[in-house]
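Here is the structure we will look at.
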Amino acid sequence: MSEEKRAKGIVKDYLKQVKEKLPEWMKEKKEHKDVLIELEGHIWDKAEEFSEEGTINEQSVRLAIAHLGTPKEIARQYKQRGTPKVYITEELWPYYKQALKFASVILIAIYVFFVVLNIILGRPMQAFEFFNIFTTLLAVFAIITLIFTGLSMEGYLPEDFTSSTTQEKRRKKREKALQKGLPVDPSTGEPIKPIVKREDKIPGGIIGIIFAVLFITQPFLEINALLHPEFLSLLRLAGIFMLIDSSITLTRGILGPKEITAQQITLIAMAILKFASLWLFFLFLSNPEIFTIIYWTEETGLESVLLGEQYYDAYQNIWILIMFIQVISAIYDIFKAGKFEKYKDLF
Amino acid sequence: MIKRIREVKSNALIASEEFREYVEKFESELVRGISQLTVLSIILQFGKEGAYGYKILKELEEQTNNTLVIDEGTLYPILRNLKRDGLLRSQRKKVEGRKRNYYSITENGKQIFNYLAGFLTKLTEAVLPLFDVDVSLQTEKYYYCPLCANKIDISSDKKYCYVCGYNVYDDLKNRRMKK
């Protein structure tokens, strides 16, 4: 075998070993090919430097490889990617926390399901025997921690789990958000969406509608009999305002954060409603003599009493404060509607 | 540096494993950030054409008088990370039958480099007198932003420092006139 062939064989063998040791994320992305080409070029350059006669030989190649380091050492450099935080890198930390939360919710849900099932079946104690929640949680946490520690040691970053097209889309979104001066989540790098939480708005809207219907229909005759008739009419009027308000809240929840224009319209509608409700609050404020307080005693049950004249000032001050808050809140809604404009071509 | 020093006498401090380890760790911490910056500075010298790994190492050794030596296995991950962060771009070329990745600096890379180079210069200027060393900055060539230390070429016609927005126009004009 010629000197040149032997030298090539050594390099090929070395690069094969490096490839085996390189981290998996790199092989998945086919980036290892680039690394190997680069290392090969380097070995030949270095070998040339070491060869006395200017022609590369077996010994000079071996020396060049020795200078470069063992395959394990080379691979280790490519694994040092994240910022160390305990054993899990800072970059993977938010995902680790998310995984723990997700696992806890799922496990607790399964646990509750089995407890309820056993109670229904008349076997309440068996639920605890069947499923020891604490041991299971500990075991799952330990497994998740081990997985994330392993990923951190191998130099995985969150971006290794998403395709390059998704990454590109995210990058553009992020740039656009930064240009517009919108807030960006520091851990995920994603722009923070406008705050329209479906999980708050939908149940909030439904509960509001139920109360509004009760205020309008006033079905509890016993209570109605205790209240001042004019106070009852004002409560009915309040019910109408409440119904509109809750319907708008429910609509906002159904629309979700992506319907920016619709969210702006609902916010303006909400502000108009808040200004209109000042008239209702004024009616409450100017008629303290109809304000009825309901209380309960053991002997007589439910009783009612009208507000004493000495409390009129305090009562009116409270309504002024409520009206003030209402005005601030309406102005804030208009401001929020304006702020939403920035999000328009983002989602 | 410590890696390259050989003990001449068996009772020399450098023969102590403990001393060697401690100093080596300290040195690598000091050099980590500087290595990246010097790599960028070498690549910048090659302009749009760029430079490949082996060339960068050789230039670094030569230009720093063999003082700042980056381990060969460490250089390529550094280049890769700088490319991932958008400071470098690479192009594969086949020269004299060998495939090589030529790295050149991006516009963003240049801006970040200038800022960090300015920071390092000002830091060195402030710190080195503590070790009884005088540093003289090349003020006839560069201007350092008084607010953020960004390194600006004196011939630049920029009105504002692009890092912090400080109005540098008058200062630059005066410096040019003095020159």
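Residue numbers start at 1 in each chain; chains themselves are named A, B, ... in the order of the structure tokens; ligands are numbered from 1 in the order shown.
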- request: Just the residues within 12 Å of segment 21-36 of chain B, please, counting only C-alpha atoms, with nothing from its chain fewer than 4 positions along; format it as number ranges by chain.
  value: B: 1-5, 13-17, 40-43, 56-57, 60-61, 64, 67-71, 74-83, 87-88, 109, 112-113, 116-117, 119-121, 124
field: chain B: residues DSSP assigns to strand (DSSP E or B), reported as a list of chain:residue names
entry: B:Ala51, B:Leu88, B:Arg89, B:Ser90, B:Gln91, B:Arg92, B:Lys93, B:Lys94, B:Val95, B:Arg98, B:Lys99, B:Arg100, B:Asn101, B:Tyr102, B:Tyr103, B:Ser104, B:Ile105, B:Tyr142, B:Tyr143, B:Tyr144, B:Lys151, B:Ile152, B:Asp153, B:Tyr160, B:Asn167
Could you dump the residues just selected with N, CA and C atoms as a compact mmCIF listing (two decimals), in the first residue's frame?
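Written file, selection-v7.txt:
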```txt
# COMPACT_ATOMS: atom_id res chain seq x y z
N ALA B 51 -11.91 33.61 5.38
CA ALA B 51 -10.76 32.76 5.70
C ALA B 51 -11.26 31.41 6.21
N LEU B 88 -21.30 35.43 11.43
CA LEU B 88 -20.47 34.97 10.30
C LEU B 88 -21.35 34.30 9.26
N ARG B 89 -20.83 34.27 8.02
CA ARG B 89 -21.46 33.44 6.98
C ARG B 89 -20.36 32.56 6.43
N SER B 90 -20.73 31.43 5.85
CA SER B 90 -19.68 30.57 5.30
C SER B 90 -20.01 30.17 3.88
N GLN B 91 -18.95 29.86 3.14
CA GLN B 91 -19.10 29.46 1.76
C GLN B 91 -18.10 28.34 1.51
N ARG B 92 -18.60 27.23 0.92
CA ARG B 92 -17.67 26.13 0.67
C ARG B 92 -16.98 26.34 -0.67
N LYS B 93 -15.66 26.21 -0.63
CA LYS B 93 -14.88 26.37 -1.87
C LYS B 93 -13.91 25.21 -1.98
N LYS B 94 -13.60 24.84 -3.22
CA LYS B 94 -12.60 23.79 -3.43
C LYS B 94 -11.35 24.46 -3.96
N VAL B 95 -10.32 24.50 -3.12
CA VAL B 95 -9.07 25.16 -3.51
C VAL B 95 -7.95 24.11 -3.46
N ARG B 98 -8.78 20.72 -2.23
CA ARG B 98 -9.29 20.55 -0.87
C ARG B 98 -10.55 21.38 -0.64
N LYS B 99 -11.56 20.71 -0.07
CA LYS B 99 -12.80 21.44 0.23
C LYS B 99 -12.61 22.19 1.53
N ARG B 100 -12.96 23.46 1.50
CA ARG B 100 -12.82 24.26 2.72
C ARG B 100 -14.02 25.18 2.90
N ASN B 101 -14.31 25.48 4.16
CA ASN B 101 -15.36 26.46 4.46
C ASN B 101 -14.69 27.81 4.69
N TYR B 102 -15.03 28.78 3.86
CA TYR B 102 -14.47 30.13 4.03
C TYR B 102 -15.47 30.96 4.82
N TYR B 103 -15.01 31.50 5.94
CA TYR B 103 -15.89 32.30 6.79
C TYR B 103 -15.64 33.79 6.57
N SER B 104 -16.72 34.54 6.41
CA SER B 104 -16.59 36.00 6.34
C SER B 104 -17.60 36.63 7.30
N ILE B 105 -17.34 37.87 7.66
CA ILE B 105 -18.17 38.53 8.68
C ILE B 105 -19.40 39.17 8.04
N TYR B 142 -9.21 55.65 15.59
CA TYR B 142 -10.54 55.29 16.07
C TYR B 142 -11.06 56.26 17.12
N TYR B 143 -12.38 56.30 17.14
CA TYR B 143 -13.07 57.12 18.14
C TYR B 143 -13.93 56.17 18.97
N TYR B 144 -13.86 56.30 20.29
CA TYR B 144 -14.66 55.42 21.13
C TYR B 144 -15.83 56.21 21.71
N LYS B 151 -16.58 51.18 19.03
CA LYS B 151 -15.40 51.60 18.26
C LYS B 151 -15.84 52.12 16.89
N ILE B 152 -15.55 53.40 16.63
CA ILE B 152 -16.00 54.00 15.37
C ILE B 152 -14.77 54.49 14.60
N ASP B 153 -14.71 54.18 13.33
CA ASP B 153 -13.60 54.63 12.50
C ASP B 153 -13.65 56.15 12.39
N TYR B 160 -24.62 59.64 14.19
CA TYR B 160 -24.92 59.07 15.50
C TYR B 160 -24.24 57.72 15.68
N ASN B 167 -24.81 61.50 19.68
CA ASN B 167 -24.42 62.34 18.54
C ASN B 167 -22.88 62.47 18.51
```
task: Mind the document's chain letters and residue numbers, and return as an MDAnalysis selection string the residues of chain B that DSSP labels alpha helix (DSSP H).
output: chainID B and resid 17:45 53:63 72:84 107:127 169:178
Nearby residues (only C-alpha atoms) at most 12 Å from segment 197-200 of chain A, same-chain spacing under 2 positions excluded, as number ranges by chain: A: 193-195, 202-208, 246, 249-258, 263
statement: Residue with the minimum atom-to-atom distance to Lys110 of chain B, picked from B:Asn150, B:Lys9, B:Ser155, B:Gln63 with only C-alpha atoms counted, is B:Asn150
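Atom pair atom CA of Ile331 of chain A / atom CA of Lys274 of chain A: separated by 9.4 Å.
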message: Near chain B, meaning an atom within 7 Å, which residues of chain A appear when counting only C-alpha atoms? Write them as number ranges by chain.
response: A: 37-38, 41-42, 68-69, 74, 77-78
message: Rounded to one decimal, what separation in Å do you get between atom CA of Thr139 of chain B and atom CA of Met177 of chain B?
response: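 These atoms are spaced 13.0 Å apart.
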Test item: residues at most 9 Å from segment 133-135 of chain A, only C-alpha atoms, excluding those fewer than 4 positions along its chain, as a PyMOL selection string: chain A and resi 107-108+111+128+139-140
